[in-house]
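*Asks:* So I've got this file, work-v7.txt, and it contains compact mmCIF, C-alpha atoms:
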# COMPACT_ATOMS: atom_id res chain seq x y z
CA MET A 45 -17.72 21.83 -16.18
CA ASN A 46 -17.16 21.10 -12.49
CA SER A 47 -17.41 24.20 -10.31
CA ALA A 48 -14.24 23.17 -8.43
CA THR A 49 -12.08 23.38 -11.51
CA THR A 50 -13.28 26.89 -12.32
CA ARG A 51 -13.00 28.30 -8.77
CA GLN A 52 -10.18 30.82 -8.50
CA THR A 53 -8.26 32.50 -5.70
CA PRO A 54 -7.81 36.32 -5.81
CA ILE A 55 -4.44 35.80 -7.54
CA GLY A 56 -5.60 33.28 -10.10
CA PRO A 57 -6.06 29.53 -10.26
CA TYR A 58 -2.42 28.77 -9.33
CA PRO A 59 -1.58 30.93 -6.26
CA ARG A 60 1.73 29.23 -5.36
CA ALA A 61 3.08 29.62 -8.89
CA ALA A 62 1.91 33.26 -8.99
CA ILE A 63 3.56 34.10 -5.65
CA ALA A 64 6.81 32.33 -6.65
CA THR A 65 6.92 34.26 -9.95
CA GLY A 66 6.20 37.52 -8.12
CA LEU A 67 9.00 36.88 -5.62
CA LEU A 68 11.47 36.10 -8.43
CA ALA A 69 10.48 39.32 -10.20
CA LEU A 70 10.92 41.28 -6.94
CA LEU A 71 14.34 39.72 -6.40
CA LEU A 72 15.43 40.70 -9.92
CA ALA A 73 14.08 44.24 -9.50
CA PHE A 74 15.87 44.55 -6.14
CA SER A 75 19.17 43.26 -7.58
CA PHE A 76 19.20 45.59 -10.59
CA SER A 77 17.91 48.76 -8.92
CA GLY A 78 19.40 51.38 -6.62
CA MET A 79 17.38 49.93 -3.76
CA ARG A 80 20.10 47.32 -3.15
CA SER A 81 22.77 49.88 -2.21
CA GLU A 82 20.23 51.91 -0.17
CA VAL A 83 19.35 48.84 1.91
CA TRP A 84 23.05 47.94 2.23
CA THR A 85 23.91 51.41 3.55
CA ALA A 86 20.96 51.38 5.96
CA LEU A 87 22.11 48.05 7.42
CA LEU A 88 25.53 49.28 8.61
CA PRO A 89 24.33 50.49 12.07
CA PHE A 90 22.72 47.10 12.63
CA PHE A 91 26.01 45.30 11.89
CA GLU A 92 27.90 47.71 14.16
CA TRP A 93 25.38 46.98 16.92
CA MET A 94 25.85 43.22 16.39
CA GLU A 95 29.51 43.55 17.38
CA THR A 96 28.52 45.18 20.68
CA THR A 97 26.21 42.33 21.72
CA TRP A 98 27.21 39.56 24.13
CA PHE A 99 27.75 37.21 21.18
CA GLY A 100 29.96 39.85 19.56
CA TYR A 101 32.16 40.26 22.68
CA VAL A 102 32.53 36.49 23.15
CA GLY A 103 33.26 35.95 19.46
CA LYS A 104 35.92 38.69 19.38
CA THR A 105 37.65 38.06 22.71
CA TRP A 106 37.49 34.29 23.16
CA GLY A 107 38.97 32.49 20.15
CA GLY A 108 38.22 29.06 21.60
CA ALA A 109 34.49 29.79 21.79
CA PHE A 110 34.47 31.11 18.22
CA ALA A 111 36.34 28.03 16.97
CA THR A 112 33.98 25.66 18.81
CA ILE A 113 30.87 27.36 17.48
CA GLN A 114 32.44 27.40 14.00
CA ALA A 115 33.04 23.65 14.28
CA GLY A 116 29.34 23.23 15.12
CA HIS A 117 28.46 25.41 12.13
CA LEU A 118 30.58 23.34 9.74
CA VAL A 119 29.39 19.99 11.11
CA SER A 120 25.74 21.03 10.88
CA LEU A 121 26.34 22.34 7.35
CA GLY A 122 27.81 18.93 6.53
CA VAL A 123 24.73 17.21 8.01
CA LEU A 124 22.47 19.57 6.05
CA GLY A 125 24.40 18.81 2.85
CA GLY A 126 24.13 15.09 3.57
CA ALA A 127 20.35 15.34 4.06
CA VAL A 128 20.01 17.30 0.81
CA LEU A 129 22.16 14.84 -1.17
CA PHE A 130 20.40 11.82 0.32
CA SER A 131 16.92 13.13 -0.40
CA ASP A 132 17.62 14.70 -3.79
CA GLY A 133 19.78 11.75 -4.84
CA ARG A 134 16.81 9.47 -4.16
CA LEU A 135 14.56 11.80 -6.19
CA LEU A 136 17.09 11.58 -9.04
CA GLY A 137 16.77 7.80 -9.00
CA LEU A 138 19.86 6.80 -7.00
CA TYR A 139 19.72 3.97 -4.40
CA SER A 140 16.23 3.07 -5.60
CA SER A 141 16.09 0.05 -3.27
CA LEU A 142 15.41 2.43 -0.36
CA PRO A 143 11.75 3.42 0.25
CA LEU A 144 11.18 6.83 -1.33
CA ARG A 145 8.75 8.21 1.26
CA ASP A 146 10.94 7.18 4.23
CA VAL A 147 14.03 8.75 2.64
CA ILE A 148 12.26 12.04 1.87
CA ASP A 149 10.51 12.40 5.26
CA GLY A 150 13.53 11.28 7.29
CA SER A 151 15.88 13.58 5.39
CA HIS A 152 13.55 16.53 5.87
CA GLN A 153 13.58 16.08 9.65
CA VAL A 154 17.40 16.02 9.66
CA PHE A 155 17.48 18.98 7.25
CA LYS A 156 15.25 21.10 9.53
CA TRP A 157 17.39 20.53 12.64
CA ALA A 158 20.65 21.03 10.75
CA LEU A 159 19.31 24.28 9.27
CA ALA A 160 18.33 25.55 12.73
CA VAL A 161 21.84 24.85 14.06
CA VAL A 162 23.47 26.41 10.95
CA VAL A 163 21.44 29.61 11.38
CA PHE A 164 22.01 29.87 15.16
CA THR A 165 25.78 29.24 14.97
CA GLY A 166 25.98 31.48 11.89
CA VAL A 167 24.40 34.41 13.74
CA PHE A 168 26.91 33.93 16.58
CA MET A 169 29.84 33.88 14.15
CA VAL A 170 28.64 36.97 12.27
CA CYS A 171 28.38 38.90 15.57
CA GLY A 172 32.12 38.40 16.13
CA VAL A 173 33.11 39.80 12.73
CA ALA A 174 30.02 41.78 11.77
CA VAL A 175 31.61 44.89 10.26
CA LYS A 176 34.23 42.83 8.39
CA VAL A 177 31.63 40.60 6.70
CA TYR A 178 29.39 43.61 6.03
CA TYR A 179 31.97 44.81 3.47
CA LEU A 180 32.42 41.37 1.87
CA PRO A 181 30.26 40.89 -1.25
CA VAL A 182 30.50 37.10 -0.85
CA PHE A 183 28.75 37.34 2.56
CA TRP A 184 25.76 38.89 0.80
CA TYR A 185 25.87 36.20 -1.92
CA LYS A 186 25.67 33.64 0.86
CA MET A 187 22.73 35.39 2.53
CA LEU A 188 20.97 35.60 -0.82
CA THR A 189 21.49 31.91 -1.65
CA LEU A 190 20.56 30.90 1.91
CA SER A 191 17.29 32.85 1.68
CA VAL A 192 16.54 31.42 -1.76
CA GLY A 193 17.42 27.93 -0.49
CA VAL A 194 15.16 28.17 2.57
CA LEU A 195 12.23 29.56 0.58
CA PHE A 196 12.76 26.96 -2.14
CA ALA A 197 13.00 24.08 0.35
CA PHE A 198 9.89 24.98 2.38
CA TYR A 199 7.67 26.78 -0.11
CA VAL A 200 8.35 24.95 -3.38
CA ARG A 201 10.11 21.62 -2.83
CA LYS A 202 8.34 20.41 0.35
CA PRO A 203 4.73 20.82 -0.92
CA LEU A 204 5.71 19.06 -4.15
CA VAL A 205 7.45 16.06 -2.58
CA ASP A 206 4.71 15.69 0.05
CA ARG A 207 2.35 14.67 -2.75
CA ASP A 208 2.07 11.19 -4.21
CA LEU A 209 5.17 11.32 -6.41
CA SER A 210 3.70 8.90 -8.94
CA ASP A 211 1.29 11.74 -9.89
CA VAL A 212 4.05 14.34 -10.31
CA SER A 213 5.89 14.76 -13.60
CA PRO A 214 9.33 13.02 -13.37
CA LEU A 215 10.91 15.96 -15.20
CA VAL A 216 9.69 18.41 -12.53
CA ILE A 217 10.93 16.11 -9.74
CA LYS A 218 14.40 15.84 -11.29
CA LEU A 219 14.62 19.56 -12.04
CA THR A 220 13.65 20.33 -8.43
CA ALA A 221 16.28 17.91 -7.10
CA VAL A 222 19.05 19.39 -9.30
CA ALA A 223 18.10 22.97 -8.34
CA SER A 224 18.06 22.04 -4.64
CA ILE A 225 21.54 20.47 -4.83
CA MET A 226 22.86 23.53 -6.72
CA VAL A 227 21.49 26.02 -4.18
CA TRP A 228 22.82 24.21 -1.09
CA PHE A 229 26.23 23.61 -2.69
CA THR A 230 26.41 27.35 -3.37
CA VAL A 231 25.48 28.12 0.25
CA ALA A 232 28.34 25.86 1.41
CA ALA A 233 30.80 27.22 -1.18
CA THR A 234 30.08 30.88 -0.43
CA GLY A 235 30.36 30.08 3.28
CA ARG A 236 33.86 28.72 2.80
CA TRP A 237 34.66 31.64 0.48
CA ILE A 238 33.96 34.04 3.39
CA GLY A 239 36.71 32.28 5.31
CA PHE A 240 39.19 32.94 2.50
CA SER A 241 38.24 36.59 1.94
CA MET B 33 -57.13 2.26 6.39
CA VAL B 34 -54.95 -0.44 4.93
CA HIS B 35 -54.80 1.43 1.67
CA ARG B 36 -53.79 4.66 3.44
CA CYS B 37 -51.23 2.73 5.48
CA CYS B 38 -49.73 1.17 2.38
CA ASP B 39 -49.79 4.45 0.52
CA GLY B 40 -47.99 6.10 3.45
CA SER B 41 -45.39 3.32 3.51
CA LEU B 42 -44.79 3.71 -0.17
CA ASP B 43 -44.33 7.45 0.23
CA ARG B 44 -41.88 6.88 3.06
CA ILE B 45 -39.95 4.37 0.99
CA GLN B 46 -39.86 6.81 -1.92
CA LEU B 47 -38.77 9.59 0.40
CA ILE B 48 -35.98 7.46 1.88
CA ALA B 49 -34.86 6.48 -1.62
CA LEU B 50 -34.87 10.12 -2.68
CA LEU B 51 -32.88 11.14 0.41
CA ARG B 52 -30.35 8.39 -0.22
CA GLU B 53 -30.04 9.45 -3.84
CA TYR B 54 -29.58 13.07 -2.74
CA LYS B 55 -26.94 12.07 -0.16
CA LEU B 56 -25.14 9.94 -2.74
CA GLU B 57 -25.16 12.81 -5.24
CA ASN B 58 -23.78 15.15 -2.59
CA MET B 59 -21.06 12.69 -1.66
CA MET B 60 -20.12 12.21 -5.31
CA SER B 61 -20.11 15.95 -5.85
CA ASP B 62 -17.85 16.43 -2.78
CA THR B 63 -15.49 13.72 -3.99
CA LYS B 64 -15.35 15.29 -7.46
CA LYS B 65 -14.78 18.70 -5.89
CA SER B 66 -11.89 17.52 -3.70
CA GLU B 67 -10.40 15.57 -6.63
CA GLY B 68 -10.57 18.70 -8.76
CA GLU B 69 -8.97 20.82 -6.04
CA SER B 70 -6.25 18.23 -5.45
CA ARG B 71 -5.47 18.10 -9.19
CA ARG B 72 -5.37 21.90 -9.35
CA GLY B 73 -3.12 21.99 -6.27
CA LEU B 74 -0.76 19.47 -7.86
CA LYS B 75 -0.62 21.52 -11.05
CA ASP B 76 0.03 24.65 -8.97
CA ASP B 77 2.91 22.98 -7.09
CA GLU B 78 4.35 21.63 -10.35
CA ILE B 79 4.25 25.02 -12.09
CA ALA B 80 5.82 26.75 -9.06
CA ALA B 81 8.58 24.13 -8.89
CA MET B 82 9.18 24.36 -12.64
CA ILE B 83 9.48 28.18 -12.56
CA VAL B 84 11.74 28.43 -9.49
CA ALA B 85 13.89 25.35 -10.16
CA GLY B 86 14.21 26.33 -13.85
CA SER B 87 15.29 29.86 -12.89
CA ILE B 88 17.89 28.51 -10.45
CA VAL B 89 19.34 26.07 -13.01
CA VAL B 90 19.44 28.72 -15.77
CA PHE B 91 21.04 31.27 -13.42
CA PHE B 92 23.76 28.80 -12.42
CA ALA B 93 24.39 27.74 -16.01
CA VAL B 94 24.82 31.36 -17.15
CA TYR B 95 26.95 32.21 -14.08
CA TRP B 96 29.31 29.28 -14.64
CA ILE B 97 29.62 29.95 -18.39
CA PHE B 98 30.79 33.51 -17.64
CA GLU B 99 33.03 32.30 -14.81
CA ILE B 100 34.73 29.72 -17.07
CA MET B 101 35.14 32.30 -19.87
CA SER B 102 36.74 34.76 -17.46
CA VAL B 103 39.15 32.13 -16.06
CA ARG B 104 40.15 31.12 -19.62
CA GLU B 105 40.86 34.76 -20.49
CA LEU B 106 42.97 35.16 -17.36
CA LEU B 107 44.93 31.98 -18.16
CA GLU B 108 45.48 33.16 -21.76
CA MET B 109 46.73 36.52 -20.50
CA ALA B 110 49.08 34.81 -18.04
CA TYR B 111 50.41 31.96 -20.21
CA GLY B 112 49.51 33.02 -23.77
Mind turning the file's structure into structure tokens?
*Replies:*
Amino acid sequence: MNSATTRQTPIGPYPRAAIATGLLALLLAFSFSGMRSEVWTALLPFFEWMETTWFGYVGKTWGGAFATIQAGHLVSLGVLGGAVLFSDGRLLGLYSSLPLRDVIDGSHQVFKWALAVVVFTGVFMVCGVAVKVYYLPVFWYKMLTLSVGVLFAFYVRKPLVDRDLSDVSPLVIKLTAVASIMVWFTVAATGRWIGFS
Amino acid sequence: MVHRCCDGSLDRIQLIALLREYKLENMMSDTKKSEGESRRGLKDDEIAAMIVAGSIVVFFAVYWIFEIMSVRELLEMAYG
């Protein structure tokens, strides 16, 4: 047997899969243990401090600035959603006349910039209403799905789609595309839900 | 003299051939090694994607089943 096939890392022959499974287990343990409420309680001073920052003052006292930044947040979320739908739609076999590699690489560039704008404008908006959102469960659902979405996009989906896709199982590609669409739709939906809470 | 010269040439030729063979073996071994690592990396990425994407899809399916059941119950309570 070839020595390369038997060589193992300290966490087994499949380190990415092992780390992903470990993170999922940690997330489950965190969600169903008392640690969640302990962390939540400990975070209150941080949210109170956020309201006292420059962003917090501008967000609270100048409605026009908040509305403009919010418009940027929504537009960039729309661009992010478009990049996700374009890329994952192509992985699901839609608009197959377009070159797969160009669609995936181009969409990822747009996705990265849109995500950066979403996060920056999101932090500004949270500073204006930090204590209010702290007590909204849906805000924490959004943070959870956003974290899962970012980790999924960069740690699981990107390394997979960077490979020659003719070597990858079509079932895995389609499952990844469906999961990606689901996560980013949930991020958008929970974001709008905050506005109605 | 000629004999020694020819013998020496033959040795050199054999040595060069051996070196080439050794280099070729090394190159083939490196290629096999990188192919093996690439295949293992692909498998690793596929398993990770399967686990995480599968968990996300299952979570959403279960969540929406409960959400739909709860909405139906509410509608039944409101409209019978």
*Asks:* If the cut-off is 12 Å, can you tell me the residues of chain B near chain A, counting only C-alpha atoms? I'd like them as a ChimeraX atom specification.
*Replies:* /B:60-93,95-96
*Asks:* Write a file of the just-selected residues containing C-alpha atoms, as an mmCIF file, in the coordinates of the input.
*Replies:*
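Once everything was written out, this is part_21.cif:
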data_model
loop_
_atom_site.group_PDB
_atom_site.id
_atom_site.type_symbol
_atom_site.label_atom_id
_atom_site.label_comp_id
_atom_site.auth_asym_id
_atom_site.auth_seq_id
_atom_site.Cartn_x
_atom_site.Cartn_y
_atom_site.Cartn_z
ATOM 1 C CA MET B 60 -20.120 12.210 -5.310
ATOM 2 C CA SER B 61 -20.110 15.950 -5.850
ATOM 3 C CA ASP B 62 -17.850 16.430 -2.780
ATOM 4 C CA THR B 63 -15.490 13.720 -3.990
ATOM 5 C CA LYS B 64 -15.350 15.290 -7.460
ATOM 6 C CA LYS B 65 -14.780 18.700 -5.890
ATOM 7 C CA SER B 66 -11.890 17.520 -3.700
ATOM 8 C CA GLU B 67 -10.400 15.570 -6.630
ATOM 9 C CA GLY B 68 -10.570 18.700 -8.760
ATOM 10 C CA GLU B 69 -8.970 20.820 -6.040
ATOM 11 C CA SER B 70 -6.250 18.230 -5.450
ATOM 12 C CA ARG B 71 -5.470 18.100 -9.190
ATOM 13 C CA ARG B 72 -5.370 21.900 -9.350
ATOM 14 C CA GLY B 73 -3.120 21.990 -6.270
ATOM 15 C CA LEU B 74 -0.760 19.470 -7.860
ATOM 16 C CA LYS B 75 -0.620 21.520 -11.050
ATOM 17 C CA ASP B 76 0.030 24.650 -8.970
ATOM 18 C CA ASP B 77 2.910 22.980 -7.090
ATOM 19 C CA GLU B 78 4.350 21.630 -10.350
ATOM 20 C CA ILE B 79 4.250 25.020 -12.090
ATOM 21 C CA ALA B 80 5.820 26.750 -9.060
ATOM 22 C CA ALA B 81 8.580 24.130 -8.890
ATOM 23 C CA MET B 82 9.180 24.360 -12.640
ATOM 24 C CA ILE B 83 9.480 28.180 -12.560
ATOM 25 C CA VAL B 84 11.740 28.430 -9.490
ATOM 26 C CA ALA B 85 13.890 25.350 -10.160
ATOM 27 C CA GLY B 86 14.210 26.330 -13.850
ATOM 28 C CA SER B 87 15.290 29.860 -12.890
ATOM 29 C CA ILE B 88 17.890 28.510 -10.450
ATOM 30 C CA VAL B 89 19.340 26.070 -13.010
ATOM 31 C CA VAL B 90 19.440 28.720 -15.770
ATOM 32 C CA PHE B 91 21.040 31.270 -13.420
ATOM 33 C CA PHE B 92 23.760 28.800 -12.420
ATOM 34 C CA ALA B 93 24.390 27.740 -16.010
ATOM 35 C CA TYR B 95 26.950 32.210 -14.080
ATOM 36 C CA TRP B 96 29.310 29.280 -14.640
#
*Asks:* So how many Å separate CA of Ala232 (chain A) and CA of Ser77 (chain A), to one decimal?
*Replies:*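 For CA of Ala232 (chain A) relative to CA of Ser77 (chain A), the distance reads 27.2 Å.
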*Asks:* With only C-alpha atoms as the counted atoms, please give the residues lying no more than 12 Å from region 113-126 of chain A, apart from itself and same-chain residues fewer than 2 positions off, as an mmCIF file with C-alpha atoms, in the coordinates of the input.
*Replies:*
data_model
loop_
_atom_site.group_PDB
_atom_site.id
_atom_site.type_symbol
_atom_site.label_atom_id
_atom_site.label_comp_id
_atom_site.auth_asym_id
_atom_site.auth_seq_id
_atom_site.Cartn_x
_atom_site.Cartn_y
_atom_site.Cartn_z
ATOM 1 C CA PHE A 99 27.750 37.210 21.180
ATOM 2 C CA VAL A 102 32.530 36.490 23.150
ATOM 3 C CA GLY A 103 33.260 35.950 19.460
ATOM 4 C CA TRP A 106 37.490 34.290 23.160
ATOM 5 C CA GLY A 107 38.970 32.490 20.150
ATOM 6 C CA GLY A 108 38.220 29.060 21.600
ATOM 7 C CA ALA A 109 34.490 29.790 21.790
ATOM 8 C CA PHE A 110 34.470 31.110 18.220
ATOM 9 C CA ALA A 111 36.340 28.030 16.970
ATOM 10 C CA VAL A 128 20.010 17.300 0.810
ATOM 11 C CA LEU A 129 22.160 14.840 -1.170
ATOM 12 C CA PHE A 130 20.400 11.820 0.320
ATOM 13 C CA SER A 131 16.920 13.130 -0.400
ATOM 14 C CA ASP A 132 17.620 14.700 -3.790
ATOM 15 C CA GLY A 133 19.780 11.750 -4.840
ATOM 16 C CA VAL A 147 14.030 8.750 2.640
ATOM 17 C CA GLY A 150 13.530 11.280 7.290
ATOM 18 C CA SER A 151 15.880 13.580 5.390
ATOM 19 C CA HIS A 152 13.550 16.530 5.870
ATOM 20 C CA GLN A 153 13.580 16.080 9.650
ATOM 21 C CA VAL A 154 17.400 16.020 9.660
ATOM 22 C CA PHE A 155 17.480 18.980 7.250
ATOM 23 C CA LYS A 156 15.250 21.100 9.530
ATOM 24 C CA TRP A 157 17.390 20.530 12.640
ATOM 25 C CA ALA A 158 20.650 21.030 10.750
ATOM 26 C CA LEU A 159 19.310 24.280 9.270
ATOM 27 C CA ALA A 160 18.330 25.550 12.730
ATOM 28 C CA VAL A 161 21.840 24.850 14.060
ATOM 29 C CA VAL A 162 23.470 26.410 10.950
ATOM 30 C CA VAL A 163 21.440 29.610 11.380
ATOM 31 C CA PHE A 164 22.010 29.870 15.160
ATOM 32 C CA THR A 165 25.780 29.240 14.970
ATOM 33 C CA GLY A 166 25.980 31.480 11.890
ATOM 34 C CA VAL A 167 24.400 34.410 13.740
ATOM 35 C CA PHE A 168 26.910 33.930 16.580
ATOM 36 C CA MET A 169 29.840 33.880 14.150
ATOM 37 C CA VAL A 170 28.640 36.970 12.270
ATOM 38 C CA CYS A 171 28.380 38.900 15.570
ATOM 39 C CA GLY A 172 32.120 38.400 16.130
ATOM 40 C CA LEU A 190 20.560 30.900 1.910
ATOM 41 C CA GLY A 193 17.420 27.930 -0.490
ATOM 42 C CA VAL A 194 15.160 28.170 2.570
ATOM 43 C CA ALA A 197 13.000 24.080 0.350
ATOM 44 C CA SER A 224 18.060 22.040 -4.640
ATOM 45 C CA ILE A 225 21.540 20.470 -4.830
ATOM 46 C CA MET A 226 22.860 23.530 -6.720
ATOM 47 C CA VAL A 227 21.490 26.020 -4.180
ATOM 48 C CA TRP A 228 22.820 24.210 -1.090
ATOM 49 C CA PHE A 229 26.230 23.610 -2.690
ATOM 50 C CA THR A 230 26.410 27.350 -3.370
ATOM 51 C CA VAL A 231 25.480 28.120 0.250
ATOM 52 C CA ALA A 232 28.340 25.860 1.410
ATOM 53 C CA ALA A 233 30.800 27.220 -1.180
ATOM 54 C CA GLY A 235 30.360 30.080 3.280
ATOM 55 C CA ARG A 236 33.860 28.720 2.800
ATOM 56 C CA GLY A 239 36.710 32.280 5.310
#
*Asks:* What gap, in Å, lies between CA of Ser241 (chain A) and CA of Leu180 (chain A)?
*Replies:*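 Computed distance, CA of Ser241 (chain A) to CA of Leu180 (chain A), equals 7.5 Å.
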*Asks:* Quick one: pull the distance between CA of Pro89 (chain A) and CA of Tyr101 (chain A), Å, one decimal.
*Replies:*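 CA of Tyr101 (chain A) lies at a distance of 16.7 Å from CA of Pro89 (chain A).
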*Asks:* Calculate, to one decimal in Å, the centre and edge lengths of the box along x, y and z of the file that holds all listed atoms of region 98-102 of chain A with 4 Å of margin on each side, and present them as AutoDock Vina command-line options.
*Replies:*
--center_x 29.9 --center_y 38.4 --center_z 21.8 --size_x 13.3 --size_y 11.8 --size_z 12.6
